[in-house]
$ cat upload15.pdb   # PDB, C-alpha atoms
MODEL        1
ATOM      1  CA  MET A   3       0.000   0.000   0.000
ATOM      2  CA  LYS A   4       2.829   2.380   0.878
ATOM      3  CA  LYS A   5       4.584   1.557  -2.398
ATOM      4  CA  LEU A   6       1.399   2.281  -4.282
ATOM      5  CA  LEU A   7       0.957   5.681  -2.602
ATOM      6  CA  PHE A   8       4.631   6.507  -3.197
ATOM      7  CA  CYS A   9       4.386   5.667  -6.900
ATOM      8  CA  LEU A  10       1.174   7.676  -7.198
ATOM      9  CA  GLY A  11       2.734  10.736  -5.523
ATOM     10  CA  LEU A  12       5.854  10.470  -7.713
ATOM     11  CA  PHE A  13       3.690  10.301 -10.818
ATOM     12  CA  LEU A  14       1.677  13.375  -9.782
ATOM     13  CA  PHE A  15       4.888  15.323  -9.025
ATOM     14  CA  MET A  16       6.405  14.513 -12.417
ATOM     15  CA  ALA A  17       3.162  15.339 -14.213
ATOM     16  CA  GLY A  18       2.915  18.692 -12.430
ATOM     17  CA  GLY A  19       6.500  19.584 -13.373
ATOM     18  CA  PHE A  20       5.879  18.658 -16.993
ATOM     19  CA  THR A  21       2.695  20.750 -17.046
ATOM     20  CA  ALA A  22       4.481  23.790 -15.582
ATOM     21  CA  ASN A  23       7.338  23.409 -18.014
ATOM     22  CA  ALA A  24       4.965  23.030 -20.942
ATOM     23  CA  GLN A  25       3.033  26.097 -19.785
ATOM     24  CA  SER A  26       6.205  28.208 -19.645
ATOM     25  CA  ILE A  27       7.159  27.083 -23.154
ATOM     26  CA  ILE A  28       3.696  27.916 -24.460
ATOM     27  CA  ASP A  29       3.769  31.334 -22.782
ATOM     28  CA  ALA A  30       7.165  32.075 -24.322
ATOM     29  CA  GLU A  31       5.893  31.149 -27.752
ATOM     30  CA  GLU A  32       2.825  33.344 -27.339
ATOM     31  CA  ASP A  33       4.745  36.399 -26.128
ATOM     32  CA  HIS A  34       7.509  36.144 -28.778
ATOM     33  CA  ASN A  35       9.730  38.259 -26.521
ATOM     34  CA  PHE A  36      13.096  36.533 -26.207
ATOM     35  CA  ASN A  37      15.314  39.608 -25.667
ATOM     36  CA  ASP A  38      13.890  40.456 -22.232
ATOM     37  CA  PHE A  39      13.373  38.127 -19.316
ATOM     38  CA  TYR A  40      10.342  40.108 -18.090
ATOM     39  CA  LYS A  41       7.619  42.182 -19.664
ATOM     40  CA  ARG A  42       8.676  45.789 -20.203
ATOM     41  CA  ASP A  43       5.861  48.305 -20.168
ATOM     42  CA  GLN A  44       7.683  51.295 -18.726
ATOM     43  CA  ALA A  45       6.418  54.721 -19.777
ATOM     44  CA  LYS A  46       3.814  53.264 -22.158
ATOM     45  CA  GLY A  47       0.509  55.035 -21.849
ATOM     46  CA  ARG A  48       1.938  57.462 -19.306
ATOM     47  CA  ASP A  49       0.955  61.128 -19.342
ATOM     48  CA  ALA A  50       3.011  63.939 -17.896
ATOM     49  CA  MET A  51       1.899  65.498 -14.637
ATOM     50  CA  PRO A  52       0.711  69.073 -15.261
ATOM     51  CA  TYR A  53       2.497  71.914 -13.533
ATOM     52  CA  ALA A  54       0.845  73.470 -10.507
ATOM     53  CA  PHE A  55      -1.294  76.504 -11.314
ATOM     54  CA  LEU A  56       0.643  79.756 -10.960
ATOM     55  CA  ARG A  57      -1.013  83.154 -10.669
ATOM     56  CA  GLU A  58       0.623  86.214 -12.155
ATOM     57  CA  ALA A  59       0.072  88.048  -8.868
ATOM     58  CA  ASP A  60       2.165  85.416  -7.042
ATOM     59  CA  VAL A  61       5.270  86.044  -9.177
ATOM     60  CA  VAL A  62       7.158  88.851  -7.472
ATOM     61  CA  TRP A  63      10.406  88.485  -9.461
ATOM     62  CA  GLU A  64      11.487  86.721 -12.658
ATOM     63  CA  HIS A  65      14.540  86.557 -14.898
ATOM     64  CA  ALA A  66      15.002  84.826 -18.271
ATOM     65  CA  ILE A  67      18.080  82.684 -18.900
ATOM     66  CA  TRP A  68      19.165  80.937 -22.106
ATOM     67  CA  ARG A  69      21.341  77.826 -21.792
ATOM     68  CA  LYS A  70      23.169  75.481 -24.118
ATOM     69  CA  ILE A  71      23.377  71.721 -23.498
ATOM     70  CA  ASP A  72      26.311  70.072 -25.265
ATOM     71  CA  PHE A  73      25.500  66.413 -26.007
ATOM     72  CA  ARG A  74      29.209  65.614 -26.436
ATOM     73  CA  GLU A  75      29.910  66.148 -22.745
ATOM     74  CA  LYS A  76      30.129  62.849 -20.896
ATOM     75  CA  PHE A  77      27.324  63.727 -18.479
ATOM     76  CA  ASN A  78      24.976  64.607 -21.377
ATOM     77  CA  GLN A  79      25.734  61.717 -23.719
ATOM     78  CA  PHE A  80      22.405  59.995 -22.988
ATOM     79  CA  PHE A  81      20.805  62.820 -25.033
ATOM     80  CA  TYR A  82      22.909  61.900 -28.098
ATOM     81  CA  PHE A  83      23.002  58.099 -28.175
ATOM     82  CA  PRO A  84      21.978  55.816 -29.780
ATOM     83  CA  THR A  85      22.676  57.356 -33.178
ATOM     84  CA  ASP A  86      21.048  54.407 -34.970
ATOM     85  CA  PRO A  87      17.819  53.366 -33.185
ATOM     86  CA  SER A  88      17.356  50.348 -35.481
ATOM     87  CA  LYS A  89      20.445  48.667 -33.991
ATOM     88  CA  ASN A  90      19.578  49.413 -30.370
ATOM     89  CA  THR A  91      18.375  46.369 -28.447
ATOM     90  CA  GLN A  92      17.408  48.379 -25.363
ATOM     91  CA  ASN A  93      14.584  50.260 -27.090
ATOM     92  CA  ARG A  94      16.217  53.621 -26.385
ATOM     93  CA  VAL A  95      16.206  56.617 -28.701
ATOM     94  CA  SER A  96      18.091  59.892 -28.612
ATOM     95  CA  LEU A  97      16.409  63.168 -27.718
ATOM     96  CA  THR A  98      16.712  64.304 -31.345
ATOM     97  CA  THR A  99      14.987  61.167 -32.636
ATOM     98  CA  ALA A 100      12.207  61.437 -30.056
ATOM     99  CA  ILE A 101      11.434  65.069 -30.903
ATOM    100  CA  LEU A 102      11.694  64.689 -34.683
ATOM    101  CA  ASP A 103       9.466  61.584 -34.661
ATOM    102  CA  ALA A 104       6.830  63.434 -32.627
ATOM    103  CA  LEU A 105       7.048  66.415 -34.979
ATOM    104  CA  LYS A 106       6.872  64.218 -38.089
ATOM    105  CA  ASN A 107       3.786  62.410 -36.720
ATOM    106  CA  GLY A 108       2.040  65.720 -35.963
ATOM    107  CA  ASP A 109       2.004  65.121 -32.197
ATOM    108  CA  ILE A 110       3.727  68.429 -31.403
ATOM    109  CA  GLU A 111       4.171  71.854 -33.000
ATOM    110  CA  ALA A 112       7.414  73.702 -33.755
ATOM    111  CA  TYR A 113       8.236  77.393 -34.027
ATOM    112  CA  LYS A 114      10.960  79.420 -35.720
ATOM    113  CA  GLU A 115      12.007  81.554 -32.750
ATOM    114  CA  ASP A 116      12.145  81.219 -28.972
ATOM    115  CA  ASP A 117       9.196  83.602 -28.606
ATOM    116  CA  LEU A 118       7.039  80.719 -29.933
ATOM    117  CA  LYS A 119       4.907  82.976 -32.134
ATOM    118  CA  THR A 120       5.766  81.899 -35.699
ATOM    119  CA  PRO A 121       4.917  78.218 -36.352
ATOM    120  CA  THR A 122       6.828  76.088 -38.832
ATOM    121  CA  THR A 123       6.376  72.644 -40.354
ATOM    122  CA  PHE A 124       8.581  69.578 -40.645
ATOM    123  CA  GLN A 125       8.986  70.138 -44.389
ATOM    124  CA  GLU A 126      10.076  73.760 -43.869
ATOM    125  CA  ILE A 127      12.622  72.635 -41.290
ATOM    126  CA  MET A 128      14.148  69.927 -43.485
ATOM    127  CA  ALA A 129      14.225  71.957 -46.724
ATOM    128  CA  PRO A 130      17.381  74.049 -46.058
ATOM    129  CA  ILE A 131      19.394  71.158 -44.565
ATOM    130  CA  CYS A 132      18.369  68.492 -47.095
ATOM    131  CA  ARG A 133      19.683  70.194 -50.201
ATOM    132  CA  GLU A 134      21.189  69.424 -53.602
ATOM    133  CA  SER A 135      24.411  70.842 -54.975
ATOM    134  CA  VAL A 136      25.977  70.519 -58.430
ATOM    135  CA  MET A 137      29.629  69.514 -58.714
ATOM    136  CA  HIS A 138      31.532  69.675 -61.993
ATOM    137  CA  ILE A 139      33.661  66.600 -62.684
ATOM    138  CA  SER A 140      36.474  67.043 -65.183
ATOM    139  CA  GLU A 141      37.228  64.267 -67.666
ATOM    140  CA  TYR A 142      40.419  63.630 -69.633
ATOM    141  CA  ASP A 143      41.125  61.758 -72.811
ATOM    142  CA  GLU A 144      43.790  59.125 -73.324
ATOM    143  CA  TYR A 145      46.394  61.798 -73.989
ATOM    144  CA  GLY A 146      45.706  63.660 -70.754
ATOM    145  CA  ASP A 147      43.908  66.551 -72.362
ATOM    146  CA  GLU A 148      40.899  67.914 -70.470
ATOM    147  CA  MET A 149      37.530  67.268 -72.052
ATOM    148  CA  GLU A 150      34.205  68.982 -71.551
ATOM    149  CA  GLY A 151      33.414  67.026 -68.369
ATOM    150  CA  ARG A 152      30.056  66.592 -66.702
ATOM    151  CA  ASP A 153      27.983  67.910 -63.810
ATOM    152  CA  THR A 154      26.941  65.633 -60.961
ATOM    153  CA  VAL A 155      24.137  66.352 -58.500
ATOM    154  CA  ILE A 156      25.124  65.670 -54.878
ATOM    155  CA  LYS A 157      22.317  65.275 -52.358
ATOM    156  CA  THR A 158      22.961  66.188 -48.728
ATOM    157  CA  GLU A 159      20.634  64.338 -46.360
ATOM    158  CA  PHE A 160      20.015  65.299 -42.764
ATOM    159  CA  GLN A 161      21.335  62.889 -40.144
ATOM    160  CA  ASN A 162      20.156  62.900 -36.523
ATOM    161  CA  GLU A 163      23.715  62.480 -35.260
ATOM    162  CA  GLU A 164      24.572  65.911 -36.690
ATOM    163  CA  VAL A 165      22.641  67.506 -33.822
ATOM    164  CA  TYR A 166      25.303  67.925 -31.148
ATOM    165  CA  SER A 167      23.525  70.273 -28.756
ATOM    166  CA  ALA A 168      20.303  71.917 -27.674
ATOM    167  CA  ARG A 169      19.313  75.315 -26.354
ATOM    168  CA  ILE A 170      16.756  75.940 -23.645
ATOM    169  CA  LYS A 171      14.994  79.078 -22.513
ATOM    170  CA  GLU A 172      13.991  79.156 -18.869
ATOM    171  CA  TYR A 173      12.516  81.562 -16.354
ATOM    172  CA  TRP A 174      13.717  81.824 -12.780
ATOM    173  CA  TYR A 175      11.071  83.337 -10.525
ATOM    174  CA  ILE A 176      10.068  83.781  -6.894
ATOM    175  CA  ASP A 177       6.657  82.568  -5.770
ATOM    176  CA  LYS A 178       5.410  84.691  -2.904
ATOM    177  CA  GLN A 179       3.087  81.915  -1.714
ATOM    178  CA  ASP A 180       6.033  79.950  -0.331
ATOM    179  CA  THR A 181       8.785  82.583  -0.841
ATOM    180  CA  ARG A 182      10.879  80.128  -2.839
ATOM    181  CA  GLN A 183      12.901  80.564  -5.982
ATOM    182  CA  LYS A 184      11.798  78.231  -8.786
ATOM    183  CA  VAL A 185      12.575  77.640 -12.442
ATOM    184  CA  ARG A 186      10.456  76.697 -15.444
ATOM    185  CA  ILE A 187      11.833  75.658 -18.854
ATOM    186  CA  THR A 188       9.567  77.224 -21.475
ATOM    187  CA  ALA A 189      11.262  76.419 -24.803
ATOM    188  CA  LEU A 190      13.826  74.046 -26.304
ATOM    189  CA  ALA A 191      15.673  74.095 -29.622
ATOM    190  CA  LEU A 192      17.696  71.421 -31.396
ATOM    191  CA  VAL A 193      20.975  72.812 -32.738
ATOM    192  CA  TYR A 194      22.207  71.488 -36.081
ATOM    193  CA  ASN A 195      25.899  71.472 -36.933
ATOM    194  CA  ASP A 196      25.733  72.952 -40.448
ATOM    195  CA  CYS A 197      28.988  72.314 -42.341
ATOM    196  CA  LYS A 198      29.801  73.651 -45.815
ATOM    197  CA  PHE A 199      32.817  73.646 -48.116
ATOM    198  CA  ARG A 200      33.946  77.085 -49.215
ATOM    199  CA  ASP A 201      37.136  77.728 -51.162
ATOM    200  CA  GLY A 202      38.343  74.225 -50.346
ATOM    201  CA  GLU A 203      37.837  74.699 -46.598
ATOM    202  CA  ARG A 204      35.206  73.135 -44.359
ATOM    203  CA  THR A 205      33.364  75.619 -42.172
ATOM    204  CA  CYS A 206      30.717  74.726 -39.600
ATOM    205  CA  GLN A 207      28.228  76.803 -37.638
ATOM    206  CA  ASP A 208      25.425  76.074 -35.188
ATOM    207  CA  VAL A 209      21.920  76.553 -36.570
ATOM    208  CA  ASP A 210      18.753  76.361 -34.488
ATOM    209  CA  LEU A 211      16.466  73.963 -36.352
ATOM    210  CA  PHE A 212      13.291  74.961 -34.485
ATOM    211  CA  TRP A 213      11.900  75.690 -31.034
ATOM    212  CA  ILE A 214       9.266  73.662 -29.193
ATOM    213  CA  PRO A 215       7.159  74.879 -26.225
ATOM    214  CA  MET A 216       8.129  72.887 -23.136
ATOM    215  CA  ASP A 217       4.995  74.134 -21.337
ATOM    216  CA  ASP A 218       2.808  72.440 -23.951
ATOM    217  CA  MET A 219       1.347  69.199 -22.581
ATOM    218  CA  ARG A 220       1.592  67.629 -26.039
ATOM    219  CA  VAL A 221       5.370  68.057 -25.941
ATOM    220  CA  ARG A 222       5.632  66.787 -22.381
ATOM    221  CA  ASN A 223       3.405  63.796 -23.125
ATOM    222  CA  ALA A 224       5.663  62.914 -26.067
ATOM    223  CA  LEU A 225       8.832  63.168 -23.948
ATOM    224  CA  VAL A 226       7.412  61.327 -20.945
ATOM    225  CA  LYS A 227       6.912  58.198 -23.067
ATOM    226  CA  VAL A 228      10.606  57.954 -24.001
ATOM    227  CA  LEU A 229      13.061  56.529 -21.493
ATOM    228  CA  ALA A 230      16.519  58.046 -21.226
ATOM    229  CA  TYR A 231      19.475  55.770 -20.630
ATOM    230  CA  ASP A 232      20.909  55.594 -17.116
ATOM    231  CA  GLU A 233      24.390  54.083 -17.045
ATOM    232  CA  ARG A 234      24.032  53.188 -13.353
ATOM    233  CA  ASN A 235      20.719  51.360 -13.757
ATOM    234  CA  SER A 236      19.355  50.213 -17.115
ATOM    235  CA  HIS A 237      15.970  49.582 -15.490
ATOM    236  CA  ALA A 238      15.595  53.192 -14.317
ATOM    237  CA  GLU A 239      12.318  54.802 -15.369
ATOM    238  CA  ARG A 240      13.766  58.245 -16.016
ATOM    239  CA  THR A 241      12.107  59.807 -19.043
ATOM    240  CA  TYR A 242      13.208  62.877 -20.978
ATOM    241  CA  ASP A 243      10.408  64.816 -19.285
ATOM    242  CA  ASP A 244      11.864  63.812 -15.905
ATOM    243  CA  ILE A 245      15.324  64.849 -17.083
ATOM    244  CA  PHE A 246      14.260  68.453 -17.701
ATOM    245  CA  ILE A 247      12.046  68.754 -14.628
ATOM    246  CA  GLN A 248      14.762  67.362 -12.338
ATOM    247  CA  ARG A 249      17.426  69.323 -14.275
ATOM    248  CA  TYR A 250      19.539  66.211 -14.718
ATOM    249  CA  PHE A 251      21.880  67.755 -17.293
ATOM    250  CA  ASP A 252      24.962  69.900 -17.548
ATOM    251  CA  SER A 253      24.732  73.257 -19.322
ATOM    252  CA  PHE A 254      26.096  76.775 -19.421
ATOM    253  CA  CYS A 255      24.437  80.173 -19.676
ATOM    254  CA  TYR A 256      25.025  82.055 -22.923
ATOM    255  CA  ARG A 257      22.435  84.805 -22.545
ATOM    256  CA  GLN A 258      20.254  86.526 -19.973
ATOM    257  CA  SER A 259      17.467  89.048 -20.286
ATOM    258  CA  ASN A 260      19.050  92.503 -20.652
ATOM    259  CA  VAL A 261      18.212  95.942 -21.943
ATOM    260  CA  MET A 262      20.084  95.416 -25.226
ATOM    261  CA  ASN A 263      18.690  91.908 -25.765
ATOM    262  CA  ARG A 264      22.117  90.535 -26.693
ATOM    263  CA  PRO A 265      23.989  87.304 -25.847
ATOM    264  CA  ILE A 266      27.267  87.163 -23.960
ATOM    265  CA  SER A 267      29.176  86.494 -27.194
ATOM    266  CA  ALA A 268      28.166  89.953 -28.462
ATOM    267  CA  TYR A 269      30.370  91.751 -25.942
ATOM    268  CA  LEU A 270      32.793  89.145 -24.513
ATOM    269  CA  THR A 271      34.831  86.249 -25.891
ATOM    270  CA  GLY A 272      37.103  83.491 -24.627
ATOM    271  CA  THR A 273      37.805  83.283 -20.899
ATOM    272  CA  ASP A 274      35.946  86.530 -20.219
ATOM    273  CA  ALA A 275      32.756  85.035 -21.666
ATOM    274  CA  ILE A 276      33.113  81.936 -19.481
ATOM    275  CA  LEU A 277      33.611  84.055 -16.361
ATOM    276  CA  GLU A 278      30.597  86.183 -17.270
ATOM    277  CA  SER A 279      28.453  83.047 -17.670
ATOM    278  CA  GLN A 280      29.543  81.773 -14.258
ATOM    279  CA  ALA A 281      28.884  85.187 -12.689
ATOM    280  CA  ILE A 282      25.320  85.214 -14.039
ATOM    281  CA  GLU A 283      24.628  81.762 -12.605
ATOM    282  CA  SER A 284      26.086  82.717  -9.216
ATOM    283  CA  GLU A 285      23.939  85.844  -9.110
ATOM    284  CA  ILE A 286      20.788  83.827  -9.878
ATOM    285  CA  PHE A 287      21.514  81.200  -7.237
ATOM    286  CA  ASN A 288      22.313  83.803  -4.561
ATOM    287  CA  ILE A 289      19.051  85.721  -4.933
ATOM    288  CA  GLU A 290      17.011  83.321  -2.793
ATOM    289  CA  SER A 291      19.550  83.224   0.048
ATOM    290  CA  ASP A 292      19.956  87.005  -0.063
ATOM    291  CA  MET A 293      16.223  87.426   0.608
ATOM    292  CA  TRP A 294      16.677  86.017   4.110
ATOM    293  CA  GLU A 295      19.593  88.201   5.161
ATOM    294  CA  TYR A 296      18.945  90.726   7.907
TER
ENDMDL
END
$ encode --input "upload15.pdb" --output "structure tokens"
Amino acid sequence: MKKLLFCLGLFLFMAGGFTANAQSIIDAEEDHNFNDFYKRDQAKGRDAMPYAFLREADVVWEHAIWRKIDFREKFNQFFYFPTDPSKNTQNRVSLTTAILDALKNGDIEAYKEDDLKTPTTFQEIMAPICRESVMHISEYDEYGDEMEGRDTVIKTEFQNEEVYSARIKEYWYIDKQDTRQKVRITALALVYNDCKFRDGERTCQDVDLFWIPMDDMRVRNALVKVLAYDERNSHAERTYDDIFIQRYFDSFCYRQSNVMNRPISAYLTGTDAILESQAIESEIFNIESDMWEY
């Protein structure tokens, strides 16, 4: 009797293990997700949390600052990579890819200037940077004499990796309700590295492609659905919207609101410009502490 019960229990144990194993195999075949060992649904369907309502009467002081974020700096490289999203197995995209995809799909709107008054379209943005140029190619006969030659059309296509930086416009202000100094990013621009050949020399200059309103919930909802890479934790749920709200980036000030409406580069260069940028930031950060001095 004991042997019979033992054999029956062993049979049930083996059958249960086979059933569980078969179930796991079936589940794996149904999911067709062999790159991840768990289901990833981070940021999908998420909406950005709206900013708290702010009355004009509660703002007792404000100051506009323009900053530049260089993607080539080590701390900011998560903005730039991956340059080729199709070869990325972690489902990450660069900030440039995320914004351009949202703009191309009509999810967000873009503007020509940081005042966000003149709208522009994706086609208008791409037209000047996706251009055609004609190059004359000389041809020679078998004796080395130059012939008439021919003209060849060279097409220059825009590449996302040619965006090395971004500019942001932000307002520092003091809310009298809690007497605290706060900051709000209102606009962001992607900066294109426009290079041309002139007289046999290659010259490059930064060109603002367009500006997007960072206060627009459509922009924030597009950014909150894209996860930014965290080198310390690949599972981190830090989105690009979180990056800008938490100010998890390195940047420098290149302009502040002033009576002449000019950037620092208009009156200072080199080391003097760097010192002026640092002085502006120090002055902004000291305003809140200076309020409490007696």
$ residues_around --input "upload15.pdb" --residues "Phe287 in chain A" --least-positions-apart "6" --cutoff "12 Å" --atoms "all atoms listed in the file" --output "number ranges by chain"
A: 65, 174-176, 182-185, 280-281, 293
$ resolve_selection --input "upload15.pdb" --expression "the PyMOL selection byres ((chain A and resi 77-79) around 10)" --output "number ranges by chain"
A: 71-76, 80-84, 96, 166-167, 231, 250-253
$ write_last_selection --input "upload15.pdb" --atoms "C-alpha atoms" --output "PDB file, in the coordinates of the input"
ATOM      1  CA  ILE A  71      23.377  71.721 -23.498  1.00  0.00           C
ATOM      2  CA  ASP A  72      26.311  70.072 -25.265  1.00  0.00           C
ATOM      3  CA  PHE A  73      25.500  66.413 -26.007  1.00  0.00           C
ATOM      4  CA  ARG A  74      29.209  65.614 -26.436  1.00  0.00           C
ATOM      5  CA  GLU A  75      29.910  66.148 -22.745  1.00  0.00           C
ATOM      6  CA  LYS A  76      30.129  62.849 -20.896  1.00  0.00           C
ATOM      7  CA  PHE A  80      22.405  59.995 -22.988  1.00  0.00           C
ATOM      8  CA  PHE A  81      20.805  62.820 -25.033  1.00  0.00           C
ATOM      9  CA  TYR A  82      22.909  61.900 -28.098  1.00  0.00           C
ATOM     10  CA  PHE A  83      23.002  58.099 -28.175  1.00  0.00           C
ATOM     11  CA  PRO A  84      21.978  55.816 -29.780  1.00  0.00           C
ATOM     12  CA  SER A  96      18.091  59.892 -28.612  1.00  0.00           C
ATOM     13  CA  TYR A 166      25.303  67.925 -31.148  1.00  0.00           C
ATOM     14  CA  SER A 167      23.525  70.273 -28.756  1.00  0.00           C
ATOM     15  CA  TYR A 231      19.475  55.770 -20.630  1.00  0.00           C
ATOM     16  CA  TYR A 250      19.539  66.211 -14.718  1.00  0.00           C
ATOM     17  CA  PHE A 251      21.880  67.755 -17.293  1.00  0.00           C
ATOM     18  CA  ASP A 252      24.962  69.900 -17.548  1.00  0.00           C
ATOM     19  CA  SER A 253      24.732  73.257 -19.322  1.00  0.00           C
TER      20      SER A 253
END
$ residues_around --input "upload15.pdb" --residues "Gln125 in chain A" --least-positions-apart "4" --cutoff "12 Å" --atoms "all atoms listed in the file" --output "ChimeraX atom specification"
/A:102,105-106,108,112,129-132,211-212
$ resolve_selection --input "upload15.pdb" --expression "the PyMOL selection byres ((chain A and resi 213) around 6)" --output "PyMOL selection string"
chain A and resi 112-113+116+190-191+212+214
$ atom_distance --input "upload15.pdb" --atom1 "CA of Thr271 in chain A" --atom2 "CA of Ala189 in chain A"
25.6 Å
$ residues_around --input "upload15.pdb" --residues "Val221 in chain A" --least-positions-apart "5" --cutoff "10 Å" --atoms "only C-alpha atoms" --output "number ranges by chain"
A: 50, 101, 104-105, 109-112, 214-216, 226, 243
$ atom_distance --input "upload15.pdb" --atom1 "CA of Arg69 in chain A" --atom2 "CA of Trp294 in chain A"
27.6 Å
$ resolve_selection --input "upload15.pdb" --expression "the PyMOL selection byres ((chain A and resi 179) around 10)" --output "CSV table (one decimal) with C-alpha atoms, keeping the file's coordinate frame"
chain,number,residue,atom,x,y,z
A,56,LEU,CA,0.6,79.8,-11.0
A,57,ARG,CA,-1.0,83.2,-10.7
A,59,ALA,CA,0.1,88.0,-8.9
A,60,ASP,CA,2.2,85.4,-7.0
A,61,VAL,CA,5.3,86.0,-9.2
A,62,VAL,CA,7.2,88.9,-7.5
A,176,ILE,CA,10.1,83.8,-6.9
A,177,ASP,CA,6.7,82.6,-5.8
A,178,LYS,CA,5.4,84.7,-2.9
A,180,ASP,CA,6.0,80.0,-0.3
A,181,THR,CA,8.8,82.6,-0.8
A,182,ARG,CA,10.9,80.1,-2.8
$ atom_distance --input "upload15.pdb" --atom1 "CA of Glu290 in chain A" --atom2 "CA of Glu64 in chain A"
11.8 Å
$ closest_residue --input "upload15.pdb" --among "A:Ala168, A:Ala268, A:Val95, A:Val193" --to "Leu229 in chain A" --atoms "all atoms listed in the file"
A:Val95
$ decode --input "upload15.pdb" --residues "range 172-197 of chain A" --atoms "C-alpha atoms" --output "tab-separated table (two decimals), in the first residue's frame"
chain	number	residue	atom	x	y	z
A	172	GLU	CA	13.99	79.16	-18.87
A	173	TYR	CA	12.52	81.56	-16.35
A	174	TRP	CA	13.72	81.82	-12.78
A	175	TYR	CA	11.07	83.34	-10.52
A	176	ILE	CA	10.07	83.78	-6.89
A	177	ASP	CA	6.66	82.57	-5.77
A	178	LYS	CA	5.41	84.69	-2.90
A	179	GLN	CA	3.09	81.92	-1.71
A	180	ASP	CA	6.03	79.95	-0.33
A	181	THR	CA	8.78	82.58	-0.84
A	182	ARG	CA	10.88	80.13	-2.84
A	183	GLN	CA	12.90	80.56	-5.98
A	184	LYS	CA	11.80	78.23	-8.79
A	185	VAL	CA	12.57	77.64	-12.44
A	186	ARG	CA	10.46	76.70	-15.44
A	187	ILE	CA	11.83	75.66	-18.85
A	188	THR	CA	9.57	77.22	-21.48
A	189	ALA	CA	11.26	76.42	-24.80
A	190	LEU	CA	13.83	74.05	-26.30
A	191	ALA	CA	15.67	74.10	-29.62
A	192	LEU	CA	17.70	71.42	-31.40
A	193	VAL	CA	20.98	72.81	-32.74
A	194	TYR	CA	22.21	71.49	-36.08
A	195	ASN	CA	25.90	71.47	-36.93
A	196	ASP	CA	25.73	72.95	-40.45
A	197	CYS	CA	28.99	72.31	-42.34
